[in-house]
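*Asks:* For reference, this is data.csv, and it has CSV, C-alpha atoms.
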```csv
chain,number,residue,atom,x,y,z
A,22,MET,CA,-170.4,-170.9,-24.3
A,23,LEU,CA,-169.4,-167.3,-25.0
A,24,LEU,CA,-171.1,-164.5,-23.0
A,25,SER,CA,-171.6,-160.9,-24.0
A,26,HIS,CA,-169.8,-158.2,-21.9
A,27,LYS,CA,-173.1,-157.3,-20.3
A,28,SER,CA,-174.0,-161.0,-19.6
A,29,LEU,CA,-170.6,-161.6,-18.1
A,30,LYS,CA,-170.9,-158.6,-15.8
A,31,TRP,CA,-174.3,-159.8,-14.6
A,32,ALA,CA,-172.9,-163.3,-14.0
A,33,VAL,CA,-169.9,-162.0,-11.9
A,34,THR,CA,-172.2,-159.7,-9.9
A,35,ALA,CA,-174.6,-162.6,-9.2
A,36,ILE,CA,-171.7,-164.8,-8.0
A,37,ALA,CA,-170.5,-162.1,-5.7
A,38,VAL,CA,-173.9,-161.5,-4.2
A,39,ILE,CA,-174.4,-165.3,-3.6
A,40,ALA,CA,-171.0,-165.5,-1.9
A,41,VAL,CA,-171.7,-162.6,0.3
A,42,MET,CA,-175.1,-164.0,1.2
A,43,MET,CA,-173.5,-167.3,2.3
A,44,LEU,CA,-171.0,-165.4,4.5
A,45,VAL,CA,-173.6,-163.4,6.2
A,46,SER,CA,-175.8,-166.4,6.7
A,47,ALA,CA,-173.0,-168.2,8.4
A,48,ALA,CA,-172.6,-165.3,10.7
A,49,GLY,CA,-176.2,-165.5,11.7
A,50,ALA,CA,-177.4,-162.4,9.8
A,51,VAL,CA,-180.5,-162.3,7.6
A,52,GLY,CA,-179.5,-163.3,4.1
A,53,LEU,CA,-182.2,-161.2,2.4
A,54,SER,CA,-180.5,-158.1,3.6
A,55,MET,CA,-177.8,-158.7,1.0
A,56,MET,CA,-180.3,-157.8,-1.7
A,57,ALA,CA,-179.5,-154.2,-0.9
A,58,LEU,CA,-176.1,-154.8,-2.6
A,59,MET,CA,-177.8,-154.5,-6.0
A,60,THR,CA,-178.2,-151.0,-7.4
A,61,ALA,CA,-181.3,-150.0,-9.3
A,62,SER,CA,-179.6,-151.1,-12.5
A,63,GLY,CA,-178.6,-154.5,-10.9
A,64,ALA,CA,-175.1,-154.0,-12.2
A,65,GLU,CA,-173.2,-152.5,-9.2
A,66,VAL,CA,-172.5,-153.8,-5.7
A,67,GLY,CA,-173.3,-151.1,-3.0
A,68,GLN,CA,-170.4,-150.9,-0.6
A,69,ASP,CA,-172.3,-148.9,2.0
A,70,ALA,CA,-175.1,-151.4,1.9
A,71,LEU,CA,-172.5,-154.2,2.4
A,72,ARG,CA,-171.1,-152.4,5.5
A,73,ILE,CA,-174.6,-151.9,6.9
A,74,ALA,CA,-175.5,-155.5,6.4
A,75,GLN,CA,-172.2,-156.8,7.9
A,76,ARG,CA,-172.6,-154.8,11.1
A,77,GLN,CA,-176.2,-156.0,11.7
A,78,SER,CA,-174.8,-159.0,13.5
A,79,SER,CA,-172.4,-157.0,15.7
A,80,PRO,CA,-173.5,-157.1,19.4
A,81,PRO,CA,-174.3,-153.7,21.1
A,82,ALA,CA,-171.3,-152.0,22.7
A,83,ASP,CA,-170.7,-152.1,26.4
A,84,GLY,CA,-172.9,-155.1,27.0
A,85,GLY,CA,-175.9,-153.7,25.3
A,86,VAL,CA,-176.0,-150.2,26.7
A,87,ALA,CA,-177.2,-147.8,24.1
A,88,GLY,CA,-175.8,-144.3,23.7
A,89,VAL,CA,-177.6,-141.3,25.0
A,90,CYS,CA,-178.6,-138.9,22.3
A,91,GLY,CA,-177.6,-135.3,23.2
A,92,GLY,CA,-175.5,-136.5,26.1
A,93,LEU,CA,-172.5,-134.4,27.3
A,94,LEU,CA,-170.0,-137.2,26.6
A,95,ALA,CA,-171.5,-138.1,23.2
A,96,GLY,CA,-169.4,-137.0,20.3
A,97,ASN,CA,-170.0,-134.9,17.2
A,98,CYS,CA,-172.9,-136.1,14.9
A,99,CYS,CA,-171.1,-135.0,11.8
A,100,VAL,CA,-168.0,-137.3,12.1
A,101,PRO,CA,-167.3,-140.8,13.4
A,102,ASN,CA,-166.9,-140.2,17.1
A,103,GLY,CA,-166.2,-143.6,18.6
A,104,SER,CA,-169.1,-143.6,21.0
A,105,PRO,CA,-172.8,-144.7,20.8
A,106,GLY,CA,-175.0,-141.8,19.7
A,107,CYS,CA,-174.0,-138.2,19.2
A,108,ASN,CA,-174.4,-134.8,21.0
A,109,ASP,CA,-177.3,-133.3,19.0
A,110,LEU,CA,-180.6,-134.7,20.3
A,111,ALA,CA,-182.7,-134.2,17.2
A,112,CYS,CA,-180.1,-135.4,14.8
A,113,CYS,CA,-179.2,-138.4,16.9
A,114,ASN,CA,-182.8,-139.5,17.3
A,115,ALA,CA,-183.6,-139.2,13.6
A,116,ILE,CA,-180.6,-141.3,12.6
A,117,CYS,CA,-181.0,-144.0,15.2
A,118,VAL,CA,-184.6,-144.6,14.1
A,119,ILE,CA,-183.4,-145.6,10.7
A,120,ASP,CA,-180.1,-147.1,11.8
A,121,PRO,CA,-180.1,-148.4,15.4
A,122,PHE,CA,-176.5,-149.4,15.1
A,123,CYS,CA,-175.5,-145.8,15.5
A,124,CYS,CA,-176.9,-145.7,19.1
A,125,ASN,CA,-176.5,-149.3,20.1
A,126,ASN,CA,-172.9,-149.8,19.0
A,127,THR,CA,-171.0,-146.8,17.7
A,128,TRP,CA,-171.4,-143.7,15.6
A,129,ASP,CA,-169.3,-144.7,12.6
A,130,GLN,CA,-168.8,-143.2,9.2
A,131,ILE,CA,-172.1,-144.5,7.9
A,132,CYS,CA,-173.9,-142.7,10.7
A,133,ALA,CA,-172.1,-139.5,9.9
A,134,ASP,CA,-173.0,-139.9,6.2
A,135,GLU,CA,-176.6,-140.5,7.1
A,136,ALA,CA,-176.5,-137.3,9.2
A,137,ALA,CA,-175.0,-135.4,6.3
A,138,ALA,CA,-177.9,-136.6,4.1
A,139,ASN,CA,-180.6,-135.6,6.7
A,140,ALA,CA,-180.9,-131.8,6.2
A,141,ALA,CA,-184.1,-131.5,8.2
A,142,ASN,CA,-182.7,-133.0,11.4
A,143,CYS,CA,-179.0,-132.5,11.1
A,144,PRO,CA,-178.5,-129.1,9.4
A,145,GLN,CA,-175.1,-128.7,11.1
A,146,CYS,CA,-173.8,-131.6,9.1
A,147,GLN,CA,-174.6,-130.3,5.7
A,148,PRO,CA,-171.7,-129.7,3.4
A,149,THR,CA,-171.0,-126.2,2.3
A,150,ALA,CA,-169.2,-124.7,-0.7
A,151,GLY,CA,-165.7,-124.2,0.5
A,152,TRP,CA,-166.6,-123.3,4.1
A,153,VAL,CA,-167.5,-124.9,7.4
A,154,ASN,CA,-170.3,-124.9,9.8
A,155,PHE,CA,-169.8,-123.9,13.4
A,156,VAL,CA,-172.1,-124.9,16.3
A,157,ASN,CA,-172.3,-122.8,19.4
A,158,GLU,CA,-171.5,-125.3,22.3
A,159,THR,CA,-170.5,-122.7,24.9
A,160,SER,CA,-172.9,-123.9,27.5
A,161,VAL,CA,-171.5,-127.4,27.2
A,162,ARG,CA,-167.8,-126.7,26.6
A,163,MET,CA,-167.5,-123.9,29.2
A,164,PRO,CA,-170.3,-124.6,31.8
A,165,THR,CA,-171.3,-122.3,34.6
A,166,PRO,CA,-171.1,-123.6,37.2
A,167,PRO,CA,-168.4,-124.8,37.9
A,168,ASN,CA,-166.9,-121.8,36.0
A,169,ASP,CA,-167.6,-118.3,37.3
A,170,PRO,CA,-169.6,-116.5,34.5
A,171,ALA,CA,-167.8,-113.3,35.3
A,172,LEU,CA,-164.5,-115.0,34.3
A,173,SER,CA,-165.9,-117.0,31.4
A,174,THR,CA,-169.1,-116.7,29.4
A,175,LEU,CA,-170.1,-113.2,30.8
A,176,ASP,CA,-166.7,-111.7,31.1
A,177,THR,CA,-166.8,-108.0,30.0
A,178,GLN,CA,-163.1,-107.3,30.3
A,179,GLU,CA,-160.6,-106.9,27.4
A,180,LYS,CA,-159.0,-110.2,26.7
A,181,ASP,CA,-156.4,-112.0,24.7
A,182,TYR,CA,-156.1,-115.7,24.2
A,183,ALA,CA,-153.5,-118.4,23.7
A,184,TRP,CA,-154.2,-122.1,23.3
A,185,GLY,CA,-152.1,-125.2,23.5
A,186,ASP,CA,-151.6,-128.5,25.4
A,187,VAL,CA,-150.1,-127.0,28.5
A,188,ASP,CA,-150.3,-130.2,30.6
A,189,ASN,CA,-149.2,-132.6,27.8
A,190,ASP,CA,-152.3,-134.8,28.1
A,191,GLY,CA,-153.2,-134.7,24.4
A,192,ASP,CA,-155.9,-132.0,24.3
A,193,ILE,CA,-155.9,-128.2,23.8
A,194,ASP,CA,-156.1,-125.9,26.9
A,195,LEU,CA,-156.9,-122.2,27.0
A,196,VAL,CA,-155.1,-119.3,28.5
A,197,VAL,CA,-156.9,-116.0,28.9
A,198,VAL,CA,-155.2,-112.7,29.9
A,199,ARG,CA,-157.5,-109.8,31.0
A,200,LYS,CA,-157.4,-106.1,31.5
A,201,GLN,CA,-159.8,-103.2,31.7
A,202,PRO,CA,-161.0,-102.3,28.2
A,203,PHE,CA,-159.2,-99.8,26.0
A,204,THR,CA,-156.1,-97.7,26.9
A,205,THR,CA,-156.4,-97.8,30.7
A,206,THR,CA,-154.3,-98.7,33.7
A,207,GLY,CA,-156.9,-101.1,35.2
A,208,LYS,CA,-155.5,-104.5,36.1
A,209,MET,CA,-157.3,-107.8,36.2
A,210,PRO,CA,-156.4,-111.4,37.1
A,211,ASN,CA,-155.9,-113.9,34.3
A,212,VAL,CA,-157.5,-117.3,33.8
A,213,LEU,CA,-156.3,-120.8,33.0
A,214,PHE,CA,-158.9,-123.1,31.5
A,215,LEU,CA,-157.9,-126.8,31.4
A,216,ASN,CA,-159.5,-129.1,28.9
A,217,GLU,CA,-161.1,-131.9,30.8
A,218,GLY,CA,-162.7,-134.3,28.4
A,219,GLY,CA,-163.6,-131.5,25.9
A,220,VAL,CA,-164.9,-129.2,28.7
A,221,LEU,CA,-163.0,-126.1,29.7
A,222,ILE,CA,-162.7,-125.7,33.5
A,223,ASP,CA,-161.1,-122.8,35.4
A,224,ARG,CA,-158.1,-124.3,37.2
A,225,THR,CA,-156.3,-121.1,37.9
A,226,ALA,CA,-156.1,-121.4,41.6
A,227,LEU,CA,-154.9,-125.0,41.4
A,228,TYR,CA,-152.3,-124.7,38.6
A,229,ALA,CA,-151.5,-121.1,37.9
A,230,SER,CA,-151.2,-119.3,41.3
A,231,ALA,CA,-147.6,-120.2,42.2
A,232,SER,CA,-144.8,-117.6,42.2
A,233,ASP,CA,-141.1,-117.4,43.3
A,234,LEU,CA,-141.8,-113.8,44.4
A,235,PRO,CA,-143.2,-113.4,48.0
A,236,GLY,CA,-146.7,-111.8,47.9
A,237,ASP,CA,-147.2,-112.6,44.2
A,238,GLN,CA,-149.9,-115.1,43.3
A,239,GLY,CA,-149.3,-115.8,39.7
A,240,PHE,CA,-152.4,-115.5,37.5
A,241,LEU,CA,-154.4,-114.4,40.5
A,242,THR,CA,-152.3,-111.2,40.8
A,243,PRO,CA,-154.1,-108.5,38.8
A,244,THR,CA,-151.9,-107.4,35.9
A,245,ASN,CA,-152.4,-105.1,32.9
A,246,ASP,CA,-151.7,-107.8,30.2
A,247,ARG,CA,-152.5,-106.9,26.6
A,248,ASP,CA,-151.2,-110.0,24.9
A,249,VAL,CA,-150.0,-113.6,25.6
A,250,VAL,CA,-148.0,-116.3,23.9
A,251,LEU,CA,-147.4,-120.0,24.7
A,252,VAL,CA,-143.8,-121.0,24.0
A,253,ASP,CA,-141.4,-123.5,25.6
A,254,VAL,CA,-138.8,-120.9,26.7
A,255,ASN,CA,-136.5,-123.4,28.5
A,256,ASN,CA,-136.9,-126.3,26.0
A,257,ASP,CA,-138.1,-128.8,28.6
A,258,GLY,CA,-141.0,-130.1,26.4
A,259,PHE,CA,-143.7,-128.1,28.2
A,260,LEU,CA,-145.3,-124.9,27.0
A,261,ASP,CA,-144.6,-121.8,29.2
A,262,ILE,CA,-146.6,-118.5,29.3
A,263,VAL,CA,-145.3,-115.1,28.4
A,264,THR,CA,-147.4,-111.9,28.7
A,265,ALA,CA,-147.0,-108.4,27.4
A,266,VAL,CA,-148.0,-105.6,29.8
A,267,THR,CA,-148.9,-102.0,29.2
A,268,LEU,CA,-149.4,-98.6,31.1
A,269,THR,CA,-147.5,-99.6,34.3
A,270,ASP,CA,-145.3,-96.6,35.1
A,271,ASN,CA,-144.0,-96.3,38.7
A,272,GLN,CA,-145.0,-99.8,39.6
A,273,ALA,CA,-142.9,-102.7,40.9
A,274,LYS,CA,-140.9,-104.6,38.3
A,275,HIS,CA,-143.1,-107.8,38.6
A,276,LEU,CA,-146.1,-105.7,37.6
A,277,SER,CA,-144.6,-103.2,35.2
A,278,HIS,CA,-142.6,-105.7,33.0
A,279,PRO,CA,-143.6,-108.7,30.9
A,280,ARG,CA,-144.2,-111.8,33.0
A,281,VAL,CA,-143.0,-115.4,32.3
A,282,TYR,CA,-144.8,-118.3,33.9
A,283,ILE,CA,-142.7,-121.4,33.8
A,284,ASN,CA,-144.4,-124.8,33.2
A,285,LEU,CA,-143.2,-127.0,36.1
A,286,GLY,CA,-143.9,-130.2,34.1
A,287,LYS,CA,-144.7,-133.5,35.8
A,288,ASP,CA,-143.5,-135.2,39.0
A,289,PRO,CA,-142.3,-138.9,39.0
A,290,ASN,CA,-145.9,-140.0,39.3
A,291,GLU,CA,-146.8,-138.2,36.0
A,292,THR,CA,-148.9,-135.6,37.9
A,293,TRP,CA,-148.8,-132.2,36.2
A,294,LEU,CA,-147.5,-129.5,38.5
A,295,GLY,CA,-148.8,-126.4,36.8
A,296,PHE,CA,-147.2,-123.0,36.3
A,297,GLU,CA,-145.0,-120.7,38.5
A,298,TYR,CA,-144.3,-117.0,37.8
A,299,GLN,CA,-140.6,-116.5,37.9
A,300,ASP,CA,-139.5,-112.9,38.2
A,301,ALA,CA,-135.9,-113.2,37.0
A,302,ARG,CA,-136.9,-114.6,33.5
A,303,ILE,CA,-137.4,-111.0,32.3
A,304,PRO,CA,-134.6,-108.4,32.9
A,305,GLN,CA,-135.5,-105.0,34.3
A,306,MET,CA,-135.4,-102.5,31.5
A,307,HIS,CA,-136.1,-99.3,33.4
A,308,PRO,CA,-136.2,-98.5,37.2
A,309,THR,CA,-139.6,-96.6,37.1
A,310,ALA,CA,-141.0,-96.7,33.6
A,311,GLY,CA,-143.2,-99.6,32.4
A,312,PRO,CA,-143.3,-100.6,28.8
A,313,ARG,CA,-146.4,-100.0,26.7
A,314,PHE,CA,-146.3,-103.3,24.9
A,315,CYS,CA,-149.3,-104.3,22.8
A,316,ALA,CA,-148.1,-107.7,21.4
A,317,VAL,CA,-145.6,-110.4,22.0
A,318,SER,CA,-144.4,-113.2,19.7
A,319,ALA,CA,-141.8,-115.9,20.0
A,320,GLY,CA,-139.3,-117.5,17.6
A,321,ASP,CA,-135.8,-118.7,17.3
A,322,VAL,CA,-134.3,-115.6,15.5
A,323,THR,CA,-130.7,-116.6,16.3
A,324,GLY,CA,-130.9,-120.2,15.1
A,325,ASP,CA,-129.5,-121.7,18.3
A,326,GLY,CA,-132.6,-123.8,19.1
A,327,ALA,CA,-133.9,-121.5,21.9
A,328,PRO,CA,-137.0,-119.3,21.3
A,329,ASP,CA,-136.5,-115.6,21.6
A,330,LEU,CA,-139.2,-112.9,22.4
A,331,PHE,CA,-140.2,-109.9,20.4
A,332,PHE,CA,-142.4,-107.2,22.0
A,333,SER,CA,-144.3,-104.5,20.0
A,334,ASP,CA,-144.6,-101.1,21.6
A,335,TYR,CA,-147.2,-98.3,21.1
A,336,ASP,CA,-147.4,-94.7,22.4
A,337,ASP,CA,-151.0,-94.2,23.3
A,338,GLY,CA,-152.0,-93.4,26.9
A,339,GLY,CA,-150.6,-90.0,27.7
A,340,THR,CA,-147.2,-88.8,28.9
A,341,GLN,CA,-144.5,-91.5,29.2
A,342,ILE,CA,-141.6,-91.6,31.6
A,343,PHE,CA,-139.6,-93.5,28.9
A,344,ASP,CA,-140.4,-94.7,25.4
A,345,PHE,CA,-139.3,-98.4,25.2
A,346,ASN,CA,-140.0,-98.8,21.5
A,347,ASP,CA,-140.1,-102.4,20.2
A,348,ARG,CA,-137.8,-104.8,22.1
A,349,LEU,CA,-136.1,-108.1,21.1
A,350,LEU,CA,-135.1,-110.3,24.0
A,351,ILE,CA,-132.5,-113.0,23.1
A,352,ASN,CA,-132.8,-116.3,25.0
A,353,ASP,CA,-129.6,-117.4,26.6
A,354,GLY,CA,-130.5,-121.0,26.0
A,355,ASN,CA,-131.9,-121.6,29.5
A,356,GLY,CA,-135.1,-119.5,29.3
A,357,PHE,CA,-133.6,-116.2,30.5
```
Please express what this file holds, its structure, as structure tokens.
*Replies:*
Amino acid sequence: MLLSHKSLKWAVTAIAVIAVMMLVSAAGAVGLSMMALMTASGAEVGQDALRIAQRQSSPPADGGVAGVCGGLLAGNCCVPNGSPGCNDLACCNAICVIDPFCCNNTWDQICADEAAANAANCPQCQPTAGWVNFVNETSVRMPTPPNDPALSTLDTQEKDYAWGDVDNDGDIDLVVVRKQPFTTTGKMPNVLFLNEGGVLIDRTALYASASDLPGDQGFLTPTNDRDVVLVDVNNDGFLDIVTAVTLTDNQAKHLSHPRVYINLGKDPNETWLGFEYQDARIPQMHPTAGPRFCAVSAGDVTGDGAPDLFFSDYDDGGTQIFDFNDRLLINDGNGF
């Protein structure tokens, strides 16, 4: 018997649906749920419906413990996050009512798609034309306490930032250099925020207060830093910190010149050792005058595999003892 193209398509679809229903029934799922595989026209198999039906028989994750909507450790609602539930309470509750799998098992791509389709409860997940949505999570990602608000969320000083994986644990940490606002000589301590499970915690005293210069306390020593860059100056596989200072005439060299904080890497037990300020990493460029550097960048300008440093100079701030102009410091291959 010859079938028309349309009849043949219906026959193939029916066979596919029956086969899938038998597989799901064997797995203990409700066979009727497979009817969702038919589209309104009855001619297409819905792949999302198939995935939803297949996962109905999956046991809850972690022995049946459901995720906590809006929890600190829950992931982003807009993407598959690998955990039960997500971090926005209203969005999570709305999705888990219609799809309990998202809270009982894991927030997968289907859950993320459902969030994107729910404009009323998940506005942050709505697609935009060529742009992205940002959600303010400061209170969760930089909590106070344990962080000091004056050094984090309520800090009024002039700041510059550098970010990178300084402890080589796979996530992004944050370095903040600080000074009094505008063209002033006021010095401030800097801050090292380590990323601990997606939360930035001030670990300056623990990991950035060491120095090879007596009396100096690394980041805790007030400095007039205007810029900062993370770069592996000694090519040991760990990012080091280089700062650019300004308005420091007639001060000791460790305060008047750029500062290099060497990353000490890890000990044999894989414990990260933090940073140490090392005074000899930058040569003394003038006995009494301090540079007025406003920016620092790093790159291998000589092509020898070692990153070099370029400092940009400016002339604001009144009379100068000596005008440094821009400076290029060539790395000798060992980070000096």
*Asks:* Between atom CA of Thr264 of chain A and atom CA of Leu195 of chain A, what is the spacing in Å?
*Replies:*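 Calculated distance between atom CA of Leu195 of chain A and atom CA of Thr264 of chain A is 14.1 Å.
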*Asks:* Atom CA of Lys200 of chain A and atom CA of Ala310 of chain A, how far apart in Å?
*Replies:*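 Rounded to one decimal, the two atoms are 19.0 Å apart.
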*Asks:* What is the atom CA of Asp190 of chain A-atom CA of Thr225 of chain A distance in Å, reported with one decimal?
*Replies:*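 Computed distance, atom CA of Asp190 of chain A to atom CA of Thr225 of chain A, equals 17.3 Å.
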*Asks:* Restricting the calculation to only C-alpha atoms: of A:Asn114, A:Leu251, A:Pro101, A:Asn108, which residue gets closest to Ala133 of chain A?
*Replies:*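 Of all the options, A:Pro101 lies closest to Ala133 of chain A.
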*Asks:* If we count all atoms listed in the file, what is near Ser333 of chain A at a cut-off of 10 Å, once residues fewer than 4 positions away on the same chain are taken out, given as a short mmCIF file (atom, residue, chain, number, x, y, z; two decimals) with C-alpha atoms, keeping the file's coordinate frame?
*Replies:*
```cif
data_model
loop_
_atom_site.label_atom_id
_atom_site.label_comp_id
_atom_site.auth_asym_id
_atom_site.auth_seq_id
_atom_site.Cartn_x
_atom_site.Cartn_y
_atom_site.Cartn_z
CA ALA A 265 -147.00 -108.40 27.40
CA PRO A 312 -143.30 -100.60 28.80
CA ARG A 313 -146.40 -100.00 26.70
CA PHE A 314 -146.30 -103.30 24.90
CA CYS A 315 -149.30 -104.30 22.80
CA ALA A 316 -148.10 -107.70 21.40
CA VAL A 317 -145.60 -110.40 22.00
CA SER A 318 -144.40 -113.20 19.70
CA PHE A 345 -139.30 -98.40 25.20
CA ASN A 346 -140.00 -98.80 21.50
CA ASP A 347 -140.10 -102.40 20.20
CA ARG A 348 -137.80 -104.80 22.10
CA LEU A 349 -136.10 -108.10 21.10
#
```
*Asks:* Which polymer residues have any atom within 9 Å of an atom of segment 156-167 of chain A, counting all atoms listed in the file, with same-chain residues fewer than 4 positions away left out, as a ChimeraX atom specification?
*Replies:* /A:93,145,173-174,214,216,219-223
*Asks:* Here is a test: counting all atoms listed in the file, which residue of A:Asn355, A:Ser230, A:Asn189, A:Gln305 is nearest to Thr242 of chain A?
*Replies:* A:Ser230
*Asks:* I'd like to know which of A:Phe296, A:His307, A:Asp248, A:Asp288 is closest to Phe331 of chain A, using only C-alpha atoms.
*Replies:*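 Checking each of A:Phe296, A:His307, A:Asp248, A:Asp288 against Phe331 of chain A, counting only C-alpha atoms, the winner is A:Asp248.
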*Asks:* So that I can check the surroundings of Asn97 of chain A, please list as a ChimeraX atom specification every protein, DNA and RNA residue that reaches within 8 Å of it, counting only C-alpha atoms and ignoring chain neighbours fewer than 2 positions away.
*Replies:* /A:95,99-102,107-109
*Asks:* What would the file look like if the residues just selected were written as a PDB file, in the coordinates of the input with C-alpha atoms?
*Replies:*
```
ATOM      1  CA  ALA A  95    -171.500-138.100  23.200  1.00  0.00           C
ATOM      2  CA  CYS A  99    -171.100-135.000  11.800  1.00  0.00           C
ATOM      3  CA  VAL A 100    -168.000-137.300  12.100  1.00  0.00           C
ATOM      4  CA  PRO A 101    -167.300-140.800  13.400  1.00  0.00           C
ATOM      5  CA  ASN A 102    -166.900-140.200  17.100  1.00  0.00           C
ATOM      6  CA  CYS A 107    -174.000-138.200  19.200  1.00  0.00           C
ATOM      7  CA  ASN A 108    -174.400-134.800  21.000  1.00  0.00           C
ATOM      8  CA  ASP A 109    -177.300-133.300  19.000  1.00  0.00           C
TER       9      ASP A 109
END
```
*Asks:* Would you mind telling me which residue in A:Thr244, A:Gln272, A:Thr206, A:Thr323 lies nearest to Asp337 of chain A when using all atoms listed in the file?
*Replies:* A:Thr206
*Asks:* At most 10 Å from (-145.9, -99.1, 30.8), file frame, all atoms listed in the file: which residues, as a list in words?
*Replies:*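 The requested residues, written out, are Thr206, Asn245, Ala265, Val266, Thr267, Leu268, Thr269, Asp270, Asn271, Gln272, Leu276, Ser277, His278, Pro279, Thr309, Ala310, Gly311, Pro312, Arg313, Phe314, Asp334, Tyr335, Asp336, Gly338, Gln341, Ile342, Phe343, Asp344 and Phe345 of chain A.
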*Asks:* Go through A:Gly103, A:Gly96, A:Gly356, A:Pro235 one by one, measure the shortest atom-to-atom distance of each to Val263 of chain A using only C-alpha atoms, and give the residue with the smallest value.
*Replies:* A:Gly356
*Asks:* What lies within 12 Å of Cys98 of chain A using all atoms listed in the file, ignoring chain neighbours under 4 positions off, as a ChimeraX atom specification?
*Replies:* /A:90-92,102-117,123-124,127-139,142-147,156
*Asks:* What would segment 276-290 of chain A look like if you wrote it out as a PDB file, in the first residue's frame, with N, CA, C and O atoms included, from the block I just posted?
*Replies:*
```pdb
ATOM      1  N   LEU A 276      58.004  54.133  49.588  1.00  0.00           N
ATOM      2  CA  LEU A 276      56.737  54.858  49.513  1.00  0.00           C
ATOM      3  C   LEU A 276      56.653  55.751  48.279  1.00  0.00           C
ATOM      4  O   LEU A 276      55.567  56.034  47.780  1.00  0.00           O
ATOM      5  N   SER A 277      57.797  56.208  47.795  1.00  0.00           N
ATOM      6  CA  SER A 277      57.804  57.171  46.693  1.00  0.00           C
ATOM      7  C   SER A 277      57.838  56.512  45.323  1.00  0.00           C
ATOM      8  O   SER A 277      57.548  57.171  44.320  1.00  0.00           O
ATOM      9  N   HIS A 278      58.197  55.230  45.250  1.00  0.00           N
ATOM     10  CA  HIS A 278      58.344  54.549  43.965  1.00  0.00           C
ATOM     11  C   HIS A 278      57.264  53.478  43.790  1.00  0.00           C
ATOM     12  O   HIS A 278      56.636  53.052  44.762  1.00  0.00           O
ATOM     13  N   PRO A 279      57.060  53.028  42.546  1.00  0.00           N
ATOM     14  CA  PRO A 279      56.122  51.923  42.314  1.00  0.00           C
ATOM     15  C   PRO A 279      56.474  50.720  43.193  1.00  0.00           C
ATOM     16  O   PRO A 279      57.643  50.501  43.531  1.00  0.00           O
ATOM     17  N   ARG A 280      55.457  49.975  43.546  1.00  0.00           N
ATOM     18  CA  ARG A 280      55.649  48.837  44.449  1.00  0.00           C
ATOM     19  C   ARG A 280      55.272  47.539  43.731  1.00  0.00           C
ATOM     20  O   ARG A 280      54.291  47.479  42.989  1.00  0.00           O
ATOM     21  N   VAL A 281      56.069  46.495  43.990  1.00  0.00           N
ATOM     22  CA  VAL A 281      55.817  45.167  43.431  1.00  0.00           C
ATOM     23  C   VAL A 281      55.585  44.194  44.580  1.00  0.00           C
ATOM     24  O   VAL A 281      56.412  44.081  45.484  1.00  0.00           O
ATOM     25  N   TYR A 282      54.440  43.498  44.528  1.00  0.00           N
ATOM     26  CA  TYR A 282      54.098  42.488  45.525  1.00  0.00           C
ATOM     27  C   TYR A 282      54.189  41.129  44.836  1.00  0.00           C
ATOM     28  O   TYR A 282      53.395  40.809  43.944  1.00  0.00           O
ATOM     29  N   ILE A 283      55.174  40.338  45.258  1.00  0.00           N
ATOM     30  CA  ILE A 283      55.408  39.044  44.629  1.00  0.00           C
ATOM     31  C   ILE A 283      54.472  37.994  45.227  1.00  0.00           C
ATOM     32  O   ILE A 283      54.343  37.867  46.451  1.00  0.00           O
ATOM     33  N   ASN A 284      53.832  37.241  44.339  1.00  0.00           N
ATOM     34  CA  ASN A 284      52.986  36.128  44.745  1.00  0.00           C
ATOM     35  C   ASN A 284      53.895  34.962  45.153  1.00  0.00           C
ATOM     36  O   ASN A 284      54.698  34.484  44.355  1.00  0.00           O
ATOM     37  N   LEU A 285      53.759  34.510  46.389  1.00  0.00           N
ATOM     38  CA  LEU A 285      54.647  33.473  46.922  1.00  0.00           C
ATOM     39  C   LEU A 285      54.229  32.064  46.522  1.00  0.00           C
ATOM     40  O   LEU A 285      54.906  31.096  46.877  1.00  0.00           O
ATOM     41  N   GLY A 286      53.133  31.943  45.791  1.00  0.00           N
ATOM     42  CA  GLY A 286      52.713  30.628  45.322  1.00  0.00           C
ATOM     43  C   GLY A 286      52.173  29.736  46.427  1.00  0.00           C
ATOM     44  O   GLY A 286      51.587  30.209  47.397  1.00  0.00           O
ATOM     45  N   LYS A 287      52.420  28.447  46.285  1.00  0.00           N
ATOM     46  CA  LYS A 287      51.884  27.468  47.234  1.00  0.00           C
ATOM     47  C   LYS A 287      53.006  26.635  47.853  1.00  0.00           C
ATOM     48  O   LYS A 287      54.046  26.423  47.237  1.00  0.00           O
ATOM     49  N   ASP A 288      52.744  26.166  49.071  1.00  0.00           N
ATOM     50  CA  ASP A 288      53.706  25.300  49.741  1.00  0.00           C
ATOM     51  C   ASP A 288      53.500  23.853  49.278  1.00  0.00           C
ATOM     52  O   ASP A 288      52.604  23.575  48.467  1.00  0.00           O
ATOM     53  N   PRO A 289      54.313  22.896  49.755  1.00  0.00           N
ATOM     54  CA  PRO A 289      54.165  21.505  49.309  1.00  0.00           C
ATOM     55  C   PRO A 289      52.797  20.901  49.590  1.00  0.00           C
ATOM     56  O   PRO A 289      52.404  19.917  48.953  1.00  0.00           O
ATOM     57  N   ASN A 290      52.063  21.481  50.538  1.00  0.00           N
ATOM     58  CA  ASN A 290      50.718  20.988  50.844  1.00  0.00           C
ATOM     59  C   ASN A 290      49.639  21.689  50.031  1.00  0.00           C
ATOM     60  O   ASN A 290      48.446  21.560  50.332  1.00  0.00           O
TER      61      ASN A 290
END
```
